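Colleague: For reference, this is entry-v8.cif, and it has mmCIF, C-alpha atoms.
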```cif
data_coords
loop_
_atom_site.label_atom_id
_atom_site.label_comp_id
_atom_site.auth_asym_id
_atom_site.auth_seq_id
_atom_site.Cartn_x
_atom_site.Cartn_y
_atom_site.Cartn_z
CA MET A 1 -8.45 -1.82 26.23
CA ASP A 2 -7.17 -3.26 29.52
CA ILE A 3 -8.78 -6.31 31.10
CA TYR A 4 -9.66 -5.58 34.72
CA PHE A 5 -10.05 -8.40 37.24
CA ASN A 6 -10.05 -8.89 41.00
CA VAL A 7 -7.12 -10.51 42.80
CA HIS A 8 -7.57 -11.27 46.49
CA LEU A 9 -4.34 -11.65 48.48
CA LEU A 10 -4.69 -13.30 51.89
CA SER A 11 -1.70 -13.62 54.21
CA ASP A 12 -1.12 -14.40 57.87
CA SER A 13 1.94 -12.15 57.62
CA THR A 14 2.85 -8.94 55.77
CA GLY A 15 1.79 -10.07 52.29
CA GLU A 16 5.12 -9.15 50.67
CA THR A 17 5.51 -12.60 49.09
CA LEU A 18 2.01 -12.51 47.65
CA ASN A 19 2.46 -9.05 46.18
CA ALA A 20 5.77 -9.98 44.59
CA VAL A 21 4.42 -13.19 43.06
CA MET A 22 1.22 -11.58 41.81
CA ARG A 23 3.01 -8.68 40.16
CA ALA A 24 5.66 -10.92 38.62
CA ALA A 25 2.94 -13.15 37.15
CA CYS A 26 0.86 -10.23 35.85
CA ALA A 27 3.94 -8.74 34.20
CA GLN A 28 3.87 -11.70 31.79
CA PHE A 29 0.62 -10.44 30.23
CA GLU A 30 -0.11 -7.32 28.23
CA GLY A 31 -3.27 -5.29 28.59
CA ILE A 32 -4.32 -6.48 32.05
CA SER A 33 -5.00 -4.45 35.19
CA PRO A 34 -5.40 -6.47 38.40
CA LEU A 35 -7.55 -4.87 41.09
CA GLU A 36 -5.78 -5.81 44.33
CA HIS A 37 -7.71 -6.64 47.49
CA ASN A 38 -5.27 -7.17 50.38
CA TYR A 39 -5.97 -8.99 53.62
CA TYR A 40 -2.91 -9.06 55.87
CA LEU A 41 -2.29 -10.71 59.27
CA VAL A 42 -5.24 -13.08 58.78
CA ARG A 43 -4.82 -15.35 61.81
CA SER A 44 -8.34 -15.96 63.11
CA GLN A 45 -11.61 -17.37 61.80
CA ARG A 46 -13.24 -13.98 62.25
CA GLN A 47 -10.62 -12.28 60.07
CA LEU A 48 -10.96 -14.98 57.43
CA ASP A 49 -14.76 -14.71 57.43
CA ARG A 50 -14.49 -10.96 56.83
CA ALA A 51 -12.18 -11.60 53.87
CA LEU A 52 -14.50 -14.24 52.42
CA GLN A 53 -17.42 -11.81 52.52
CA GLU A 54 -15.42 -9.31 50.48
CA ILE A 55 -14.30 -11.98 48.02
CA GLU A 56 -17.93 -13.02 47.55
CA SER A 57 -18.92 -9.43 46.75
CA ALA A 58 -16.04 -8.99 44.26
CA PRO A 59 -15.33 -12.42 42.71
CA GLY A 60 -11.87 -13.06 41.31
CA ILE A 61 -8.69 -15.03 41.90
CA VAL A 62 -7.48 -15.87 45.41
CA LEU A 63 -3.78 -16.16 46.27
CA TYR A 64 -2.79 -16.96 49.83
CA THR A 65 0.01 -17.68 52.27
CA ILE A 66 -1.66 -19.02 55.42
CA SER A 67 -0.04 -21.60 57.69
CA ASP A 68 -2.88 -22.56 60.03
CA GLU A 69 -4.34 -25.84 58.76
CA GLY A 70 -7.86 -25.03 59.93
CA LEU A 71 -7.96 -21.66 58.18
CA ARG A 72 -6.40 -23.14 55.04
CA LYS A 73 -9.06 -25.86 54.88
CA THR A 74 -11.87 -23.37 55.43
CA LEU A 75 -10.54 -21.15 52.65
CA GLU A 76 -9.94 -24.02 50.23
CA ASP A 77 -13.40 -25.53 50.91
CA TRP A 78 -15.11 -22.16 50.41
CA CYS A 79 -13.26 -21.57 47.13
CA SER A 80 -14.16 -25.06 45.93
CA GLN A 81 -17.85 -24.57 46.72
CA THR A 82 -17.96 -21.17 45.02
CA HIS A 83 -15.78 -22.24 42.06
CA THR A 84 -13.24 -19.56 42.94
CA PRO A 85 -9.69 -20.08 41.55
CA VAL A 86 -7.30 -20.37 44.50
CA LEU A 87 -3.55 -20.89 44.85
CA PRO A 88 -1.33 -21.33 47.95
CA VAL A 89 1.64 -19.57 46.37
CA ILE A 90 4.56 -20.94 48.41
CA ASP A 91 3.32 -24.53 48.67
CA PRO A 92 5.05 -25.72 45.45
CA ALA A 93 8.42 -24.44 46.68
CA VAL A 94 7.89 -25.89 50.17
CA ASP A 95 6.90 -29.26 48.66
CA VAL A 96 10.04 -29.41 46.50
CA LEU A 97 12.24 -28.61 49.51
CA SER A 98 10.41 -31.15 51.63
CA ARG A 99 10.93 -33.94 49.09
CA TYR A 100 14.56 -33.04 48.44
CA LEU A 101 15.52 -32.69 52.12
CA GLY A 102 13.34 -35.50 53.39
CA LEU A 103 11.95 -33.16 56.01
CA ARG A 104 8.48 -32.02 56.92
CA SER A 105 7.63 -28.31 56.93
CA ASN A 106 6.70 -26.80 60.27
CA ARG A 107 4.39 -24.25 58.53
CA SER A 108 5.47 -21.46 60.87
CA VAL A 109 3.66 -18.12 60.62
CA ALA A 110 5.94 -15.38 59.23
CA GLY A 111 8.92 -17.69 59.60
CA GLN A 112 11.04 -15.47 57.36
CA TYR A 113 10.70 -12.64 59.88
CA LYS A 114 12.37 -14.25 62.87
CA VAL A 115 14.01 -11.79 65.28
CA ASP A 116 17.45 -13.39 65.27
CA SER A 117 21.04 -12.34 64.57
CA THR A 118 20.30 -12.08 60.84
CA TYR A 119 17.39 -9.75 61.56
CA PHE A 120 19.52 -7.48 63.75
CA SER A 121 22.30 -7.44 61.13
CA ARG A 122 19.75 -6.28 58.57
CA ILE A 123 18.53 -3.51 60.88
CA GLU A 124 22.14 -2.46 61.51
CA ALA A 125 22.76 -2.30 57.74
CA LEU A 126 19.62 -0.24 57.19
CA ASN A 127 20.59 2.18 59.96
CA TYR A 128 24.05 2.56 58.41
CA THR A 129 22.51 3.21 55.01
CA LEU A 130 20.17 5.91 56.32
CA ALA A 131 23.06 7.57 58.18
CA HIS A 132 25.15 7.64 54.99
CA ASP A 133 22.61 9.04 52.57
CA ASP A 134 23.45 11.96 50.29
CA GLY A 135 27.12 12.22 51.25
CA GLN A 136 26.71 11.97 55.04
CA GLY A 137 29.12 10.09 57.29
CA VAL A 138 32.16 10.38 55.02
CA GLU A 139 34.51 9.67 57.93
CA ASP A 140 33.49 6.00 58.15
CA LEU A 141 32.75 5.15 54.52
CA HIS A 142 35.36 2.40 54.83
CA GLU A 143 32.75 0.42 56.81
CA ALA A 144 30.36 0.30 53.85
CA ASP A 145 29.86 -2.88 51.85
CA VAL A 146 29.29 -0.72 48.78
CA ALA A 147 29.32 2.97 47.95
CA LEU A 148 27.11 4.19 45.11
CA VAL A 149 28.38 7.27 43.31
CA GLY A 150 26.64 9.31 40.65
CA VAL A 151 25.24 12.70 39.77
CA SER A 152 21.98 13.96 41.22
CA ARG A 153 18.80 11.95 40.47
CA THR A 154 20.40 8.64 39.46
CA SER A 155 18.31 6.64 42.00
CA LYS A 156 21.15 6.31 44.51
CA THR A 157 19.00 6.79 47.61
CA PRO A 158 16.21 4.26 46.82
CA THR A 159 18.77 1.73 45.63
CA CYS A 160 20.78 2.12 48.84
CA VAL A 161 17.66 1.71 50.98
CA TYR A 162 16.71 -1.42 49.04
CA LEU A 163 20.19 -2.84 49.61
CA GLY A 164 20.10 -1.85 53.27
CA ASN A 165 16.89 -3.81 53.67
CA ARG A 166 18.78 -6.81 52.25
CA GLY A 167 21.46 -6.48 54.91
CA ILE A 168 23.98 -4.55 52.79
CA LYS A 169 25.64 -1.44 54.25
CA ALA A 170 25.25 0.92 51.30
CA ALA A 171 26.44 4.52 51.20
CA ASN A 172 25.17 7.15 48.76
CA VAL A 173 27.87 9.56 47.58
CA PRO A 174 26.59 12.33 45.24
CA LEU A 175 29.00 13.75 42.69
CA VAL A 176 29.26 17.45 41.90
CA PRO A 177 31.22 18.61 38.82
CA GLY A 178 34.62 19.99 39.72
CA VAL A 179 34.51 18.60 43.26
CA ASP A 180 36.70 15.60 44.05
CA PRO A 181 34.94 12.59 45.60
CA PRO A 182 35.76 11.77 49.25
CA GLU A 183 39.40 10.74 49.73
CA ILE A 184 38.39 7.40 51.27
CA LEU A 185 36.93 6.28 47.93
CA LEU A 186 40.26 6.83 46.21
CA GLY A 187 42.52 4.88 48.58
CA PRO A 188 43.31 1.23 49.33
CA ASN A 189 40.74 1.01 52.14
CA ALA A 190 37.86 2.06 49.91
CA PRO A 191 34.71 -0.05 49.93
CA LEU A 192 33.43 -1.47 46.65
CA VAL A 193 32.49 1.58 44.59
CA ILE A 194 29.82 1.32 41.90
CA ALA A 195 29.10 4.26 39.64
CA LEU A 196 25.58 4.81 38.35
CA LYS A 197 25.42 6.11 34.77
CA ILE A 198 22.40 7.52 32.96
CA SER A 199 21.61 8.91 29.51
CA PRO A 200 21.34 12.71 29.18
CA LYS A 201 17.79 12.59 27.81
CA ARG A 202 16.58 10.38 30.64
CA LEU A 203 18.19 12.61 33.27
CA VAL A 204 16.67 15.73 31.72
CA ASP A 205 13.22 14.14 31.98
CA ILE A 206 13.75 13.02 35.58
CA ARG A 207 15.09 16.36 36.79
CA ARG A 208 12.36 18.35 35.09
CA GLN A 209 9.67 16.14 36.57
CA ARG A 210 11.29 16.52 39.97
CA LEU A 211 11.27 20.32 39.73
CA ILE A 212 7.64 20.31 38.58
CA SER A 213 6.65 18.04 41.48
CA ILE A 214 8.06 20.53 44.00
CA LYS A 215 6.54 23.47 42.10
CA GLU A 216 9.88 24.84 40.90
CA ASP A 217 10.73 26.22 37.44
CA PRO A 218 11.86 23.25 35.26
CA ASN A 219 13.73 25.57 32.87
CA THR A 220 16.85 25.92 35.00
CA THR A 221 20.50 25.01 34.54
CA TYR A 222 19.92 21.99 36.81
CA ALA A 223 17.59 20.47 34.18
CA SER A 224 18.99 21.93 30.96
CA GLU A 225 20.21 19.41 28.41
CA GLU A 226 23.46 21.28 27.73
CA SER A 227 24.52 21.47 31.38
CA ILE A 228 23.48 17.87 32.00
CA ARG A 229 25.58 16.64 29.08
CA GLU A 230 28.58 18.50 30.49
CA GLU A 231 27.92 17.10 33.97
CA LEU A 232 27.64 13.53 32.68
CA THR A 233 30.75 13.86 30.53
CA TRP A 234 32.70 14.95 33.61
CA ALA A 235 31.25 12.08 35.69
CA ASN A 236 31.91 9.42 33.04
CA ARG A 237 35.52 10.56 32.70
CA LEU A 238 35.89 10.27 36.47
CA PHE A 239 34.44 6.75 36.41
CA ALA A 240 36.87 5.71 33.68
CA ARG A 241 39.86 7.28 35.44
CA MET A 242 39.02 5.56 38.73
CA LYS A 243 38.19 2.28 36.94
CA TRP A 244 34.97 2.00 38.93
CA LYS A 245 32.41 -0.57 37.85
CA THR A 246 29.45 1.18 36.23
CA ILE A 247 25.78 0.35 35.90
CA ASP A 248 23.56 2.18 33.43
CA VAL A 249 20.31 3.01 35.26
CA SER A 250 18.65 4.80 32.33
CA ARG A 251 16.01 2.08 31.92
CA ARG A 252 16.55 -0.02 35.02
CA SER A 253 14.23 -0.24 37.97
CA VAL A 254 15.67 0.13 41.47
CA GLU A 255 15.21 -3.62 41.96
CA GLU A 256 17.16 -4.42 38.78
CA THR A 257 19.98 -2.08 39.74
CA ALA A 258 20.13 -3.59 43.23
CA ALA A 259 20.20 -7.11 41.77
CA ALA A 260 23.19 -6.20 39.60
CA ILE A 261 24.97 -4.75 42.64
CA LEU A 262 24.24 -7.86 44.72
CA ASN A 263 25.70 -9.99 41.92
CA THR A 264 28.85 -7.85 41.91
CA LEU A 265 29.18 -8.13 45.69
CA SER A 266 28.89 -11.90 45.41
CA GLU A 267 31.40 -12.09 42.56
CA THR A 268 33.94 -10.02 44.49
CA GLY A 269 33.43 -12.02 47.69
CA ARG A 270 31.97 -9.06 49.58
CA GLY A 271 28.32 -10.08 49.65
#
```
Written as structure tokens, how would this file's structure read?

Modeller:
Amino acid sequence: MDIYFNVHLLSDSTGETLNAVMRAACAQFEGISPLEHNYYLVRSQRQLDRALQEIESAPGIVLYTISDEGLRKTLEDWCSQTHTPVLPVIDPAVDVLSRYLGLRSNRSVAGQYKVDSTYFSRIEALNYTLAHDDGQGVEDLHEADVALVGVSRTSKTPTCVYLGNRGIKAANVPLVPGVDPPEILLGPNAPLVIALKISPKRLVDIRRQRLISIKEDPNTTYASEESIREELTWANRLFARMKWKTIDVSRRSVEETAAAILNTLSETGRG
């Protein structure tokens, strides 16, 4: 039986850091189900008061990333008085950096989201990725940082979008049995090409679930085990012939696949 408990996430920004930390921590325990209560863009006393009222009505753990000293003190004092466990999640990392660098933190609100050249480069990469999804934009694939190739339903699109959000120009090139991949991927000006592999059984499950979700008949050639085995055999032979680096996505999350690709980009001096 799962253990259910309340987790209150308060942020003066988007809350992405809090969500990532909370989920990473909860993943270390079996049989627990956190009930998330999210309070984003908390930048005034009124917004904080509203959050505190909800925390009082559903007691639990409080995690926060708030820069304003006054709001932090109010929150910490309230949690102390009500015996509510509270943690400022980025403070330990900021403290280590402060001691090592001999500098004092400026505690800027949403400092990681500055609209600077890095931000615009990331937006440019994301725009490129969206314009080169599902085989589009073949004529300028040479501009990609990485091209992901693979048969249908090997998580190419979500992985490319994740990479695009990290500032990587990622193109998604689907493979169809018997059809040669774009010429640009075969020549000397090709971007880094990474082939996504998957087990036949896993792909059968994914394709059948996809067809069911769009109210189509799952018993088609597209999702049959025999045709999928033939399709994957063809794709794997292509990967071997082209000597493309491969990543098996059968049991990988999009984040894990993207992390492996980022490592490869770094190792090859392209990231």

Colleague: For the atom pair CA of Asp2 in chain A and CA of Gly31 in chain A, what is the interatomic distance in Å to one decimal place?

Modeller: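 Atom-to-atom, CA of Asp2 in chain A to CA of Gly31 in chain A, that is 4.5 Å.
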
Colleague: Around (26.6, 7.5, 54.7), as given in the file, which residues come within 10 Å? Count all atoms listed in the file and list them as a VMD selection string.

Modeller: chain A and resid 127 to 141 143 to 144 147 160 169 to 173

Colleague: Tell me which of A:Val249, A:Leu265, A:Ala190, A:Gly178 sits closest to Arg202 in chain A, counting all atoms listed in the file.

Modeller: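 Of the candidates, the smallest distance to Arg202 in chain A is held by A:Val249.
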
Colleague: Written as a count of residues only, what is the full residue list that the PyMOL selection byres ((chain A and resi 61) around 7) yields on the file shown?

Modeller: 9

Colleague: Just give me the gap between CA of Glu231 in chain A and CA of Leu186 in chain A in Å, one decimal is fine.

Modeller: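 Calculated distance between CA of Glu231 in chain A and CA of Leu186 in chain A is 20.2 Å.
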
Colleague: Report as a short mmCIF file (atom, residue, chain, number, x, y, z; two decimals) with C-alpha atoms, in the coordinates of the input the residues that result from applying the PyMOL selection byres ((chain A and resi 198) around 8) to the structure here.

Modeller:
```
data_model
loop_
_atom_site.label_atom_id
_atom_site.label_comp_id
_atom_site.auth_asym_id
_atom_site.auth_seq_id
_atom_site.Cartn_x
_atom_site.Cartn_y
_atom_site.Cartn_z
CA THR A 154 20.40 8.64 39.46
CA LEU A 196 25.58 4.81 38.35
CA LYS A 197 25.42 6.11 34.77
CA SER A 199 21.61 8.91 29.51
CA PRO A 200 21.34 12.71 29.18
CA ARG A 202 16.58 10.38 30.64
CA LEU A 203 18.19 12.61 33.27
CA LEU A 232 27.64 13.53 32.68
CA ASP A 248 23.56 2.18 33.43
CA VAL A 249 20.31 3.01 35.26
CA SER A 250 18.65 4.80 32.33
#
```

Colleague: Considering only C-alpha atoms, state which residue in the set A:Arg43, A:Arg208, A:Arg237, A:Arg251 is at the smallest distance from Glu69 in chain A.

Modeller: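 Nearest to Glu69 in chain A: A:Arg43.
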
Colleague: Could you tell me how far CA of Glu36 in chain A lies from CA of Leu75 in chain A, in Å and to one decimal?

Modeller: 18.1 Å

Colleague: Tell me which protein, DNA and RNA residues are within 12 Å of Ser57 in chain A, counting all atoms listed in the file, leaving out same-chain ones fewer than 2 positions away, and put them as number ranges by chain.

Modeller: A: 6, 8, 37, 50-55, 59-60, 82

Colleague: As an mmCIF file, keeping the file's coordinate frame, could you write out range 84-95 of chain A once it has been completed with N, CA, C and O atoms?

Modeller:
```cif
data_model
loop_
_atom_site.group_PDB
_atom_site.id
_atom_site.type_symbol
_atom_site.label_atom_id
_atom_site.label_comp_id
_atom_site.auth_asym_id
_atom_site.auth_seq_id
_atom_site.Cartn_x
_atom_site.Cartn_y
_atom_site.Cartn_z
ATOM 1 N N THR A 84 -14.180 -20.673 42.964
ATOM 2 C CA THR A 84 -13.240 -19.560 42.940
ATOM 3 C C THR A 84 -11.814 -20.081 42.758
ATOM 4 O O THR A 84 -11.357 -20.915 43.537
ATOM 5 N N PRO A 85 -11.084 -19.634 41.734
ATOM 6 C CA PRO A 85 -9.690 -20.080 41.550
ATOM 7 C C PRO A 85 -8.841 -19.684 42.754
ATOM 8 O O PRO A 85 -8.875 -18.532 43.192
ATOM 9 N N VAL A 86 -8.084 -20.639 43.304
ATOM 10 C CA VAL A 86 -7.300 -20.370 44.500
ATOM 11 C C VAL A 86 -5.927 -21.017 44.384
ATOM 12 O O VAL A 86 -5.791 -22.100 43.807
ATOM 13 N N LEU A 87 -4.908 -20.340 44.914
ATOM 14 C CA LEU A 87 -3.550 -20.890 44.850
ATOM 15 C C LEU A 87 -2.782 -20.540 46.122
ATOM 16 O O LEU A 87 -2.627 -19.375 46.469
ATOM 17 N N PRO A 88 -2.250 -21.574 46.835
ATOM 18 C CA PRO A 88 -1.330 -21.330 47.950
ATOM 19 C C PRO A 88 0.068 -21.114 47.370
ATOM 20 O O PRO A 88 0.748 -22.078 47.020
ATOM 21 N N VAL A 89 0.518 -19.880 47.269
ATOM 22 C CA VAL A 89 1.640 -19.570 46.370
ATOM 23 C C VAL A 89 2.986 -20.168 46.771
ATOM 24 O O VAL A 89 3.824 -20.422 45.906
ATOM 25 N N ILE A 90 3.248 -20.391 48.066
ATOM 26 C CA ILE A 90 4.560 -20.940 48.410
ATOM 27 C C ILE A 90 4.555 -22.447 48.565
ATOM 28 O O ILE A 90 5.619 -23.053 48.710
ATOM 29 N N ASP A 91 3.386 -23.070 48.481
ATOM 30 C CA ASP A 91 3.320 -24.530 48.670
ATOM 31 C C ASP A 91 4.189 -25.304 47.678
ATOM 32 O O ASP A 91 4.868 -26.260 48.083
ATOM 33 N N PRO A 92 4.197 -24.956 46.376
ATOM 34 C CA PRO A 92 5.050 -25.720 45.450
ATOM 35 C C PRO A 92 6.525 -25.699 45.845
ATOM 36 O O PRO A 92 7.211 -26.717 45.790
ATOM 37 N N ALA A 93 7.020 -24.535 46.270
ATOM 38 C CA ALA A 93 8.420 -24.440 46.680
ATOM 39 C C ALA A 93 8.675 -25.220 47.956
ATOM 40 O O ALA A 93 9.700 -25.916 48.091
ATOM 41 N N VAL A 94 7.746 -25.144 48.916
ATOM 42 C CA VAL A 94 7.890 -25.890 50.170
ATOM 43 C C VAL A 94 7.874 -27.391 49.890
ATOM 44 O O VAL A 94 8.653 -28.163 50.470
ATOM 45 N N ASP A 95 6.997 -27.840 48.993
ATOM 46 C CA ASP A 95 6.900 -29.260 48.660
ATOM 47 C C ASP A 95 8.193 -29.780 48.036
ATOM 48 O O ASP A 95 8.654 -30.883 48.354
#
```
